[in-house]
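Participant: Submitted below is the structure of interest, expressed as structure tokens.
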Protein chains: 4
Amino acid sequence: MTVRVGVIGAGWIGKEHIRRLTDTITGARVTAVTDIDAARAAEAAPVGARVLPDGASVVAADDVDAVLVTSWGPTHAEHVLNAIAAGKPVFCEKPLATTAEDCLKIIEAEQAHGRRLVQVGFMRRYDAGYRQMKQVIESGRIGEPLIVHCAHRNPTVPESYTSAMAALDTAVHEVDVLRWLLDDEIVSTQVVTPRATGKRFEHLRDPQIMLFETAKGVRIDLEVFVNCQYGYDIQCEAVGEEGLVRLPDPAAVGVRSAGQHSTEVLTDWVGRFADAFDTEFREWIAAVDAGNEPTGPSAWDGYAATVITSATVEALESGRVIATDLKPRPTFYGGIA
Amino acid sequence: MTVRVGVIGAGWIGKEHIRRLTDTITGARVTAVTDIDAARAAEAAPVGARVLPDGASVVAADDVDAVLVTSWGPTHAEHVLNAIAAGKPVFCEKPLATTAEDCLKIIEAEQAHGRRLVQVGFMRRYDAGYRQMKQVIESGRIGEPLIVHCAHRNPTVPESYTSAMAALDTAVHEVDVLRWLLDDEIVSTQVVTPRATGKRFEHLRDPQIMLFETAKGVRIDLEVFVNCQYGYDIQCEAVGEEGLVRLPDPAAVGVRSAGQHSTEVLTDWVGRFADAFDTEFREWIAAVDAGNEPTGPSAWDGYAATVITSATVEALESGRVIATDLKPRPTFYGGIA
Amino acid sequence: MTVRVGVIGAGWIGKEHIRRLTDTITGARVTAVTDIDAARAAEAAPVGARVLPDGASVVAADDVDAVLVTSWGPTHAEHVLNAIAAGKPVFCEKPLATTAEDCLKIIEAEQAHGRRLVQVGFMRRYDAGYRQMKQVIESGRIGEPLIVHCAHRNPTVPESYTSAMAALDTAVHEVDVLRWLLDDEIVSTQVVTPRATGKRFEHLRDPQIMLFETAKGVRIDLEVFVNCQYGYDIQCEAVGEEGLVRLPDPAAVGVRSAGQHSTEVLTDWVGRFADAFDTEFREWIAAVDAGNEPTGPSAWDGYAATVITSATVEALESGRVIATDLKPRPTFYGGIA
Amino acid sequence: MTVRVGVIGAGWIGKEHIRRLTDTITGARVTAVTDIDAARAAEAAPVGARVLPDGASVVAADDVDAVLVTSWGPTHAEHVLNAIAAGKPVFCEKPLATTAEDCLKIIEAEQAHGRRLVQVGFMRRYDAGYRQMKQVIESGRIGEPLIVHCAHRNPTVPESYTSAMAALDTAVHEVDVLRWLLDDEIVSTQVVTPRATGKRFEHLRDPQIMLFETAKGVRIDLEVFVNCQYGYDIQCEAVGEEGLVRLPDPAAVGVRSAGQHSTEVLTDWVGRFADAFDTEFREWIAAVDAGNEPTGPSAWDGYAATVITSATVEALESGRVIATDLKPRPTFYGGIA
């Protein structure tokens with residue numbers, strides 16, 4: 001059966017996912033699209049899809065089996081809550097909501113509904129390299145994890161990028177994937193700021209080093225450097241009691257010429273995680289089609305990411321170690337009763 | 001529009017491609033399946049597809065826009081010729097035909113038809129690493145190619161595998177991808193046989209080293225070792241006048257433990273070229289859907305592969321250097337008038 | 001001319017250096033040896049060398065041109081001060097002295113003497129990989145350094161190893177080599193403690209993550225993990241405004257077998273820095289022979305290392321960020337007037 | 001005791017070894033030097049060494065314990081025979097002699113003398129990477145060797161370099177090291193010539209691919225490319241029944257900048273094997289000093305190298321497979337009685 005998807009938000013990522021559901025992934029069809037800019041929605045809608053006036057009408061539409069939320073972050077909560085109220089599966093791009101309060105409302109609504117409907121768009125869990133890392137960690141081959149070293153580097157960001165976005169928009173991917181890799185929770189956060197690069201805007205604290213501590217005592221250092229110039233480069237190394245495992249660089253041909261052995265470093269994050277996005281949607285559509293609960297990042301993961309990244313902004317601004325003070329995890333989301 | 005595909009041959013590779021067209025690739029639907037074993041065809045046919053008695057009825061079927069030939073090699077020519085006669089696009093798994101004569105019949109039929117209908121299933125041209133290699137070579141960064149070093153290693157093969165299959169079934173992939181990488185033709189072939197591995201069957205000459213020469217004077221050495229035990233490992237390095245380029249190993253996590261830094265070597269060729277197969281079919285379906293000639297390996301490429309690999313078997317058996325003596329390439333297939 | 005060296009302290013490292021000066025390096029000869037254990041001195045003394053009763057007599061001996069101090073750390077200052085008083089070049093294994101006060105006495109004595117006599121045994125500055133890193137940094141190719149990520153891992157340590165030794169004996173090498181690599185000073189230090197490995201002694205905080213800040217604002221994170229089990233592994237990556245440079249792993253053959261590509265990780269620190277030790281002594285002996293001031297780590301570097309590592313122990317014990325509060329660097333040691 | 005070395009030939013390699021024996025290696029002293037150009041000998045002679053009129057007087061000199069032959073190749077045999085006649089250890093740079101006949105005379109003379117005096121200067125056996133390869137092969141970890149792939153690439157050669165020198169001067173190093181790595185003999189040789197690079201002189205066949213077969217049936221392909229432009233690059237990979245082992249590239253820092261991850265490729269062969277040369281002389285001097293027979297490449301190895309490389313020149317010129325037809329190996333040189 002073909003899953004009929006309604007899309008709320010036709011900006012860059014919305015269009016990208018519409019293309020993915022239409023041309024790359026089997027089993028789904030976009031039947032309705034909305035955007036605050038109706039012309040943009042019309043442009044993004046594939047052949048045979050309707051343009052609807054707002055998110056509520058997308059959620060309500062008879063020919064919409066599942067909802068994809070790719071609108072502006074502050075509107076996410078409303079659309080997700082609508083979808084839960086309608087009992088429809090909903091895939092929400094990160095963030096689930098921009099405040100912990102809104103995330104908690106979603107969590108309550110979903111629990112009241114009684115089964116999982118919400119999946120949050122953290123695609124790294126679907127990257128082949130991270131999945132291999134998780135297999136190695138779970139195999140016990142490196143022993144209990146103790147430390148994780150990470151780096152998240154972008155070549156440049158536009159002037160509109162703020163120091164807080166280093167946590168909220170960039171590090172949020174590591175926050176989610178590390179919680180999942182380690183099967184652990186982040187309990188405190190701290191930010192250390194090296195001298196700022198002189199290559200970009202004066203207003204920006206870039207790079208930043210974020211220091212997380214988990215419930216089990218794992219320490220994570222994460223370099224976020226969004227104007228590193230040289231490329232888009234994601235590094236992750238987990239050190240355990242008996243060994244370590246490291247995320248691979250993307251495969252690339254080696255060239256020897258002019259006294260150098262070189263391989264290309266990607267400069268584009270879309271290329272880096274294109275396969276992960278495809279797998280993410282393939283698995284989500286398969287779960288929806290089968291009538292199963294989604295297996296990807298849950299509303300609880302969305303809540304945790306929002307709380308932890310918000311605490312990291314507070315840590316940056318205050319210079320202090322900030323406890324994340326997450327609520328106890330409900331059994332509904334895998335917490336211990 | 002959805003391309004309706006009829007499949008002739010429901011063995012392992014046929015089933016794999018049916019799955020690919022049904023579940024992985026958008027834009028296509030398998031509508032008819034046949035096999036010499038009707039039960040196998042029935043088992044392989046996806047929901048909504050008909051089981052037909054033979055290849056001719058698949059080619060003739062009204063609900064078949066394009067034909068996929070995945071039957072036993074000696075039957076390929078007949079089905080391809082039928083498809084050409086019917087004016088339908090046809091994707092034929094390698095080999096195009098098992099004799100040069102049959103390949104030439106197909107070439108003549110296709111030229112008589114007046115436009116390309118045939119694509120041969122050499123998937124390596126769709127592998128991201130080989131495509132990067134080709135870009136580097138064409139960029140001029142390594143200068144004119146002079147030498148290519150290759151290895152094609154499988155962990156093991158079954159007892160039914162013969163010494164001739166090292167060329168016909170295994171090296172055939174390198175023969176095609178090297179002709180394409182170098183935009184050049186193989187004019188002679190020689191086989192050198194190291195002592196045989198003691199790890200497999202006495203009847204088998206394994207490993208073999210094949211030595212090819214191209215029209216432009218490039219020399220290629222290709223190790224074919226189908227019982228190398230340790231893994232499935234494809235190596236390719238092109239050396240030019242000013243530098244070299246090397247195919248990457250598949251990306252894999254690095255693990256440090258017990259005094260070793262290790263990465264996994266694949267043991268499975270399907271995993272190695274899964275993405276290439278997907279891209280191959282995605283591009284073929286897109287071309288068919290657009291009413292364009294296929295852009296992949298042509299009937300001429302299929303002819304060349306059959307001639308060159310047959311000559312390589314002769315070289316193995318005779319111990320001599322064998323000229324491939326290919327016919328002049330028709331302008332229809334990009335030859336110079 | 002052959003430099004005649006007197007050795008104070010014939011423990012493991014003393015014997016190692018005696019062997020180096022006798023068998024590996026040209027231009028030097030050990031003429032006198034002392035140790036608190038006279039039998040050990042006699043055993044260590046090469047043919048033709050005298051065993052003397054104490055450090056003072058080694059320093060005073062007519063046939064000693066230069067002094068090598070490899071005794072117990074708390075005795076270093078006395079011997080170095082004696083050598084300065086005698087106007088003889090002195091190579092002192094780290095630490096220069098175990099207290100900042102003693103280091104300062106040496107610095108004052110050396111300045112009063114008027115030219116440099118003291119070199120401290122930080123061998124990493126002589127490692128080919130670190131030297132390449134320094135060249136790359138100084139070439140400007142990565143821009144201004146902003147962050148350095150380091151790891152110092154040992155397979156195991158004996159039960160006598162204490163948590164403080166992670167800074168004083170282990171991290172001290174990174175402290176020196178980073179000050180030199182960056183041509184910068186460490187102004188504050190902090191220690192973050194992950195959960196301790198369960199593989200060794202309960203009393204030990206292992207691993208530790210040390211966080212240093214330099215005068216120019218570079219941030220350094222250094223993982224010290226002395227019971228990592230898998231090997232002796234030194235990592236260092238400097239991230240600058242436009243790129244990064246990373247210390248290579250030691251060259252080792254790659255092996256493919258049983259589904260793995262592997263290279264060996266060293267398990268022995270002596271092997272890792274054997275060439276660096278040789279180069280260190282070769283350059284020191286050459287400078288002494290030429291009557292030049294030594295070009296290696298100075299008494300000031302020894303002072304800085306003692307202060308910074310002591311502050312790091314305080315940081316570990318207090319959980320606070322500790323300012324290193326180094327004295328202003330005298331112009332004698334390259335400080336700005 | 002210090003070994004007193006007399007040097008015959010003060011060209012580039014002679015001076016290099018004089019420097020090595022004087023400044024780098026302990027245990028030896030150059031006491032006499034000769035050269036057909038007396039001024040060059042005088043310039044090369046270290047302080048305290050005499051300049052003698054000819055090789056015979058060097059061999060005869062009372063203060064010469066061991067002889068180093070670094071003169072022009074065609075004169076080697078005479079000097080080596082003189083040294084044997086005088087019963088003095090002699091280290092002869094490759095080739096041992098330029099003809100098989102002269103090599104055989106040396107072999108006969110040495111056997112008549114009754115113990116080994118001759119070592120030939122094939123330094124690769126002392127390279128750490130090749131030594132690791134040999135350990136892996138001998139450990140049985142890759143099973144019985146079946147194939148070796150090699151490449152020997154130089155950035156450029158001068159116009160005086162001839163096509164025959166590719167075997168005689170360049171491939172000779174692989175010939176020796178492969179015989180030693182495999183503990184096997186080369187029984188036939190063939191040369192395949194790709195199109196020549198357009199980057200150098202018209203007279204030169206460059207690159208060449210040499211194909212060797214060993215007594216045990218191992219097949220070796222060796223690319224010799226002496227104008228590859230990009231660097232000095234030595235590759236060697238041995239494939240066995242169960243795995244493979246590959247020579248490492250020299251360790252070098254990795255740099256990421258401007259969309260590339262790069263490591264430097266050496267451009268200088270002296271740098272590539274500097275440590276190997278040091279180890280070669282250190283072990284030779286130690287053996288001489290101890291009064292032991294040398295453990296390095298023997299006169300027999302020198303004979304084999306001359307025969308095999310001469311046969312390879314014949315193979316190049318004739319286009320045929322040439323049998324090396326080595327004499328049976330005497331038991332004196334490890335042959336089986």
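Within each chain, counting starts at residue 1; across the structure tokens, chains are named A, B, ... in the order shown, with ligands numbered 1 upward in that order.
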Quick one: everything within 9 Å of Gly302 (chain C), counting only C-alpha atoms, minus sequence neighbours fewer than 5 positions away in the same chain. Send it as number ranges by chain.
Facilitator: C: 94-97, 103, 119-122, 176, 297, 307
Participant: Produce a table with one row for each residue of chain C that has an atom at most 8 Å from any atom of chain D, each row naming the nearest atom pair and its distance in Å at one decimal; use only C-alpha atoms; arrange rows by chain and rising residue number; format as a Markdown table.
Facilitator:
| residue | atom | partner | partner_atom | distance |
| --- | --- | --- | --- | --- |
| C:Thr22 | CA | D:Thr26 | CA | 7.8 |
| C:Asp23 | CA | D:Thr26 | CA | 5.9 |
| C:Thr24 | CA | D:Thr26 | CA | 5.9 |
| C:Ile25 | CA | D:Thr26 | CA | 6.3 |
| C:Thr26 | CA | D:Thr26 | CA | 5.3 |
| C:Gly27 | CA | D:Asp23 | CA | 7.5 |
| C:Gly129 | CA | D:Val253 | CA | 6.3 |
| C:Gln132 | CA | D:Val253 | CA | 6.5 |
| C:Met133 | CA | D:Val253 | CA | 6.5 |
| C:Arg141 | CA | D:Ser257 | CA | 7.6 |
| C:Ile142 | CA | D:Ser257 | CA | 6.7 |
| C:Glu242 | CA | D:Ser257 | CA | 6.3 |
| C:Gly243 | CA | D:Ser257 | CA | 4.5 |
| C:Leu244 | CA | D:Arg256 | CA | 5.2 |
| C:Val245 | CA | D:Val255 | CA | 4.4 |
| C:Arg246 | CA | D:Gly254 | CA | 5.2 |
| C:Leu247 | CA | D:Val253 | CA | 5.1 |
| C:Pro248 | CA | D:Val253 | CA | 5.0 |
| C:Asp249 | CA | D:Ala251 | CA | 6.8 |
| C:Pro250 | CA | D:Ala251 | CA | 6.0 |
| C:Ala251 | CA | D:Ala251 | CA | 5.1 |
| C:Ala252 | CA | D:Pro248 | CA | 5.6 |
| C:Val253 | CA | D:Pro248 | CA | 5.0 |
| C:Gly254 | CA | D:Arg246 | CA | 5.1 |
| C:Val255 | CA | D:Val245 | CA | 4.4 |
| C:Arg256 | CA | D:Leu244 | CA | 5.2 |
| C:Ser257 | CA | D:Gly243 | CA | 4.5 |
| C:Ala258 | CA | D:Gly243 | CA | 7.4 |
Participant: Apply DSSP to the backbone of this structure and, from region 221-284 of chain D, keep only the residues in strand (DSSP E); write these as a list of chain:residue names.
Facilitator: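 Filtering region 221-284 of chain D down to strand (DSSP E) leaves D:Asp221, D:Leu222, D:Glu223, D:Val224, D:Phe225, D:Asp233, D:Ile234, D:Gln235, D:Cys236, D:Glu237, D:Ala238, D:Val239, D:Gly240, D:Gly243, D:Leu244, D:Val245, D:Arg246, D:Gly254, D:Val255, D:Arg256, D:Ser257, D:Gln260, D:His261, D:Ser262, D:Thr263, D:Glu264.
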Participant: Store the residues picked out above in a file with N, CA and C atoms, as a PDB file, in the first residue's frame.
Facilitator:
ATOM      1  N   ASP D 221      54.618  -9.038  -9.934  1.00  0.00           N
ATOM      2  CA  ASP D 221      54.606  -7.965 -10.928  1.00  0.00           C
ATOM      3  C   ASP D 221      55.189  -6.719 -10.285  1.00  0.00           C
ATOM      4  N   LEU D 222      56.104  -6.116 -11.011  1.00  0.00           N
ATOM      5  CA  LEU D 222      56.842  -4.963 -10.489  1.00  0.00           C
ATOM      6  C   LEU D 222      56.765  -3.839 -11.506  1.00  0.00           C
ATOM      7  N   GLU D 223      56.071  -2.781 -11.119  1.00  0.00           N
ATOM      8  CA  GLU D 223      56.073  -1.571 -11.949  1.00  0.00           C
ATOM      9  C   GLU D 223      57.315  -0.755 -11.622  1.00  0.00           C
ATOM     10  N   VAL D 224      58.121  -0.482 -12.636  1.00  0.00           N
ATOM     11  CA  VAL D 224      59.254   0.436 -12.468  1.00  0.00           C
ATOM     12  C   VAL D 224      58.934   1.675 -13.288  1.00  0.00           C
ATOM     13  N   PHE D 225      58.834   2.809 -12.599  1.00  0.00           N
ATOM     14  CA  PHE D 225      58.421   4.050 -13.274  1.00  0.00           C
ATOM     15  C   PHE D 225      59.299   5.164 -12.703  1.00  0.00           C
ATOM     16  N   ASP D 233      58.133   6.637  -4.459  1.00  0.00           N
ATOM     17  CA  ASP D 233      57.037   5.855  -3.871  1.00  0.00           C
ATOM     18  C   ASP D 233      57.331   4.370  -4.078  1.00  0.00           C
ATOM     19  N   ILE D 234      57.465   3.668  -2.976  1.00  0.00           N
ATOM     20  CA  ILE D 234      57.796   2.246  -2.998  1.00  0.00           C
ATOM     21  C   ILE D 234      56.609   1.477  -2.444  1.00  0.00           C
ATOM     22  N   GLN D 235      56.065   0.572  -3.247  1.00  0.00           N
ATOM     23  CA  GLN D 235      54.913  -0.205  -2.818  1.00  0.00           C
ATOM     24  C   GLN D 235      55.234  -1.686  -2.905  1.00  0.00           C
ATOM     25  N   CYS D 236      54.721  -2.445  -1.963  1.00  0.00           N
ATOM     26  CA  CYS D 236      54.936  -3.895  -1.996  1.00  0.00           C
ATOM     27  C   CYS D 236      53.798  -4.575  -1.240  1.00  0.00           C
ATOM     28  N   GLU D 237      53.161  -5.500  -1.886  1.00  0.00           N
ATOM     29  CA  GLU D 237      52.040  -6.217  -1.268  1.00  0.00           C
ATOM     30  C   GLU D 237      52.177  -7.696  -1.589  1.00  0.00           C
ATOM     31  N   ALA D 238      52.263  -8.513  -0.567  1.00  0.00           N
ATOM     32  CA  ALA D 238      52.371  -9.966  -0.749  1.00  0.00           C
ATOM     33  C   ALA D 238      51.023 -10.596  -0.440  1.00  0.00           C
ATOM     34  N   VAL D 239      50.520 -11.367  -1.402  1.00  0.00           N
ATOM     35  CA  VAL D 239      49.224 -12.016  -1.262  1.00  0.00           C
ATOM     36  C   VAL D 239      49.458 -13.502  -1.038  1.00  0.00           C
ATOM     37  N   GLY D 240      48.915 -14.006   0.046  1.00  0.00           N
ATOM     38  CA  GLY D 240      49.075 -15.417   0.360  1.00  0.00           C
ATOM     39  C   GLY D 240      47.752 -16.156   0.298  1.00  0.00           C
ATOM     40  N   GLY D 243      45.557 -14.415   3.177  1.00  0.00           N
ATOM     41  CA  GLY D 243      45.535 -13.005   3.504  1.00  0.00           C
ATOM     42  C   GLY D 243      46.651 -12.290   2.784  1.00  0.00           C
ATOM     43  N   LEU D 244      46.834 -11.038   3.108  1.00  0.00           N
ATOM     44  CA  LEU D 244      47.913 -10.286   2.459  1.00  0.00           C
ATOM     45  C   LEU D 244      48.552  -9.352   3.464  1.00  0.00           C
ATOM     46  N   VAL D 245      49.750  -8.907   3.110  1.00  0.00           N
ATOM     47  CA  VAL D 245      50.470  -7.941   3.942  1.00  0.00           C
ATOM     48  C   VAL D 245      51.046  -6.886   3.017  1.00  0.00           C
ATOM     49  N   ARG D 246      50.966  -5.641   3.470  1.00  0.00           N
ATOM     50  CA  ARG D 246      51.398  -4.529   2.618  1.00  0.00           C
ATOM     51  C   ARG D 246      52.385  -3.629   3.356  1.00  0.00           C
ATOM     52  N   GLY D 254      48.918  14.255   8.717  1.00  0.00           N
ATOM     53  CA  GLY D 254      47.766  14.502   7.863  1.00  0.00           C
ATOM     54  C   GLY D 254      47.330  15.942   8.007  1.00  0.00           C
ATOM     55  N   VAL D 255      47.051  16.586   6.891  1.00  0.00           N
ATOM     56  CA  VAL D 255      46.599  17.979   6.917  1.00  0.00           C
ATOM     57  C   VAL D 255      45.249  18.057   6.210  1.00  0.00           C
ATOM     58  N   ARG D 256      44.317  18.758   6.826  1.00  0.00           N
ATOM     59  CA  ARG D 256      43.064  19.041   6.145  1.00  0.00           C
ATOM     60  C   ARG D 256      43.013  20.541   5.878  1.00  0.00           C
ATOM     61  N   SER D 257      42.888  20.886   4.623  1.00  0.00           N
ATOM     62  CA  SER D 257      42.703  22.294   4.272  1.00  0.00           C
ATOM     63  C   SER D 257      42.147  22.358   2.865  1.00  0.00           C
ATOM     64  N   GLN D 260      40.615  19.255   1.090  1.00  0.00           N
ATOM     65  CA  GLN D 260      41.445  18.077   0.880  1.00  0.00           C
ATOM     66  C   GLN D 260      42.026  17.589   2.201  1.00  0.00           C
ATOM     67  N   HIS D 261      42.098  16.275   2.349  1.00  0.00           N
ATOM     68  CA  HIS D 261      42.929  15.661   3.384  1.00  0.00           C
ATOM     69  C   HIS D 261      44.201  15.177   2.696  1.00  0.00           C
ATOM     70  N   SER D 262      45.354  15.646   3.122  1.00  0.00           N
ATOM     71  CA  SER D 262      46.596  15.312   2.422  1.00  0.00           C
ATOM     72  C   SER D 262      47.696  14.864   3.363  1.00  0.00           C
ATOM     73  N   THR D 263      48.509  13.966   2.857  1.00  0.00           N
ATOM     74  CA  THR D 263      49.783  13.654   3.493  1.00  0.00           C
ATOM     75  C   THR D 263      50.851  13.778   2.416  1.00  0.00           C
ATOM     76  N   GLU D 264      52.044  14.130   2.853  1.00  0.00           N
ATOM     77  CA  GLU D 264      53.117  14.340   1.893  1.00  0.00           C
ATOM     78  C   GLU D 264      53.646  13.005   1.384  1.00  0.00           C
TER      79      GLU D 264
END
Participant: Enumerate the residues of region 157-289 of chain D with a DSSP assignment of helix (DSSP H, G or I), computed from the backbone, and present them as a PyMOL selection string.
Facilitator: chain D and resi 165-182+269-289
Participant: Would you pick out the contacts of Thr197 (chain D) at 8 Å or less, using only C-alpha atoms, so that residues sharing its chain but fewer than 6 positions from it are not included, and give the list as a list of chain:residue names?
Facilitator: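 Answer for this query is B:Leu146, B:Glu241, D:Asp206, D:Pro207, D:Asn227.
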Participant: Distance CA of Ala61 (chain C)-CA of Thr34 (chain C), one decimal place?
Facilitator: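 Between CA of Ala61 (chain C) and CA of Thr34 (chain C) the gap works out to 11.7 Å.
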Participant: Near Ser318 (chain A), within 12 Å and counting only C-alpha atoms, which residues show up once chain neighbours fewer than 2 positions away are dropped, as a short mmCIF file (atom, residue, chain, number, x, y, z; two decimals) with all heavy atoms, in the first residue's frame?
Facilitator:
data_model
loop_
_atom_site.label_atom_id
_atom_site.label_comp_id
_atom_site.auth_asym_id
_atom_site.auth_seq_id
_atom_site.Cartn_x
_atom_site.Cartn_y
_atom_site.Cartn_z
N THR A 189 26.09 19.98 31.25
CA THR A 189 26.69 20.56 30.05
C THR A 189 27.48 21.82 30.42
O THR A 189 27.12 22.53 31.36
CB THR A 189 25.60 20.86 28.99
OG1 THR A 189 26.17 21.62 27.92
CG2 THR A 189 24.45 21.64 29.58
N GLN A 190 28.55 22.01 29.70
CA GLN A 190 29.45 23.14 29.95
C GLN A 190 30.00 23.56 28.59
O GLN A 190 30.10 22.73 27.67
CB GLN A 190 30.60 22.65 30.86
CG GLN A 190 31.66 23.69 31.16
CD GLN A 190 32.84 23.11 31.96
OE1 GLN A 190 32.86 21.92 32.26
NE2 GLN A 190 33.83 23.93 32.26
N VAL A 191 30.32 24.82 28.42
CA VAL A 191 30.90 25.27 27.15
C VAL A 191 32.19 26.03 27.42
O VAL A 191 32.24 26.91 28.28
CB VAL A 191 29.94 26.16 26.35
CG1 VAL A 191 30.57 26.57 25.01
CG2 VAL A 191 28.62 25.44 26.11
N VAL A 192 33.22 25.68 26.69
CA VAL A 192 34.51 26.34 26.76
C VAL A 192 34.72 27.02 25.41
O VAL A 192 34.47 26.43 24.37
CB VAL A 192 35.58 25.26 27.04
CG1 VAL A 192 36.95 25.71 26.59
CG2 VAL A 192 35.57 24.88 28.51
N THR A 193 35.16 28.26 25.46
CA THR A 193 35.29 28.99 24.19
C THR A 193 36.74 29.34 23.89
O THR A 193 37.34 30.16 24.57
CB THR A 193 34.45 30.27 24.21
OG1 THR A 193 34.75 30.97 25.41
CG2 THR A 193 32.98 29.96 24.13
N ALA A 311 20.05 24.05 27.68
CA ALA A 311 20.97 24.14 28.82
C ALA A 311 22.37 24.50 28.34
O ALA A 311 23.12 25.20 29.03
CB ALA A 311 20.99 22.82 29.59
N THR A 312 22.73 24.03 27.17
CA THR A 312 24.06 24.32 26.63
C THR A 312 24.18 25.80 26.26
O THR A 312 25.23 26.42 26.45
CB THR A 312 24.34 23.40 25.43
OG1 THR A 312 24.23 22.04 25.86
CG2 THR A 312 25.72 23.65 24.86
N VAL A 313 23.10 26.38 25.76
CA VAL A 313 23.10 27.82 25.50
C VAL A 313 23.28 28.57 26.82
O VAL A 313 24.07 29.52 26.90
CB VAL A 313 21.81 28.26 24.78
CG1 VAL A 313 21.77 29.78 24.64
CG2 VAL A 313 21.69 27.58 23.42
N GLU A 314 22.57 28.11 27.86
CA GLU A 314 22.72 28.75 29.17
C GLU A 314 24.16 28.61 29.67
O GLU A 314 24.73 29.54 30.24
CB GLU A 314 21.74 28.10 30.15
CG GLU A 314 21.68 28.82 31.50
CD GLU A 314 20.79 28.08 32.51
OE1 GLU A 314 19.97 27.23 32.08
OE2 GLU A 314 20.94 28.34 33.73
N ALA A 315 24.75 27.44 29.43
CA ALA A 315 26.14 27.21 29.84
C ALA A 315 27.08 28.16 29.10
O ALA A 315 28.02 28.72 29.69
CB ALA A 315 26.54 25.75 29.57
N LEU A 316 26.83 28.34 27.82
CA LEU A 316 27.65 29.26 27.03
C LEU A 316 27.56 30.66 27.60
O LEU A 316 28.57 31.35 27.79
CB LEU A 316 27.19 29.24 25.57
CG LEU A 316 27.79 30.33 24.65
CD1 LEU A 316 29.28 30.09 24.44
CD2 LEU A 316 27.05 30.38 23.31
N ARG A 320 29.01 28.68 33.21
CA ARG A 320 28.91 27.69 34.28
C ARG A 320 28.54 26.30 33.76
O ARG A 320 28.09 26.15 32.64
CB ARG A 320 27.87 28.14 35.31
CG ARG A 320 28.34 29.34 36.16
CD ARG A 320 27.34 29.70 37.24
NE ARG A 320 26.08 30.15 36.68
CZ ARG A 320 24.94 29.45 36.70
NH1 ARG A 320 24.91 28.26 37.29
NH2 ARG A 320 23.84 29.93 36.16
N VAL A 321 28.74 25.31 34.62
CA VAL A 321 28.24 23.97 34.33
C VAL A 321 26.75 23.97 34.63
O VAL A 321 26.34 24.39 35.72
CB VAL A 321 28.95 22.91 35.21
CG1 VAL A 321 28.38 21.52 34.95
CG2 VAL A 321 30.46 22.95 34.98
N ILE A 322 25.95 23.50 33.69
CA ILE A 322 24.50 23.52 33.88
C ILE A 322 23.98 22.09 33.91
O ILE A 322 24.26 21.29 33.02
CB ILE A 322 23.82 24.28 32.71
CG1 ILE A 322 24.38 25.71 32.57
CG2 ILE A 322 22.30 24.29 32.87
CD1 ILE A 322 24.09 26.62 33.75
#
Participant: What is the CA of Val148 (chain D)-CA of Arg219 (chain D) distance in Å, reported with one decimal?
Facilitator: 6.4 Å
Participant: Figure out the distance between CA of Val3 (chain B) and CA of Arg29 (chain A), please, to one decimal in Å.
Facilitator: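 CA of Val3 (chain B) lies 16.7 Å from CA of Arg29 (chain A).
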Participant: Name all residues at most 10 Å from Ala274 (chain A) (count only C-alpha atoms; drop same-chain ones fewer than 6 positions away) and give them as a list in words.
Facilitator: Arg20, Met123, Asp127 and Glu280 of chain A
Participant: Which residues are close to Gln111 (chain C), i.e. within 12 Å by only C-alpha atoms, leaving aside same-chain residues fewer than 5 positions away? Reply as an NGL selection string.
Facilitator: :C and (81 or 84-85 or 87 or 104-106 or 116-118 or 298-300 or 330-333)
Participant: Just the residues within 10 Å of Glu16 (chain C), please, counting only C-alpha atoms, with nothing from its chain fewer than 6 positions along; format it as an MDAnalysis selection string.
Facilitator: chainID C and resid 10 22 44 270 277
Participant: Check the smallest atom-to-atom distance from each of A:Ala83, A:Ala109, A:Ala39, A:Ala196 to Ala56 (chain A) using only C-alpha atoms, then report the winner.
Facilitator: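 Distance minimum relative to Ala56 (chain A) lands on A:Ala83.
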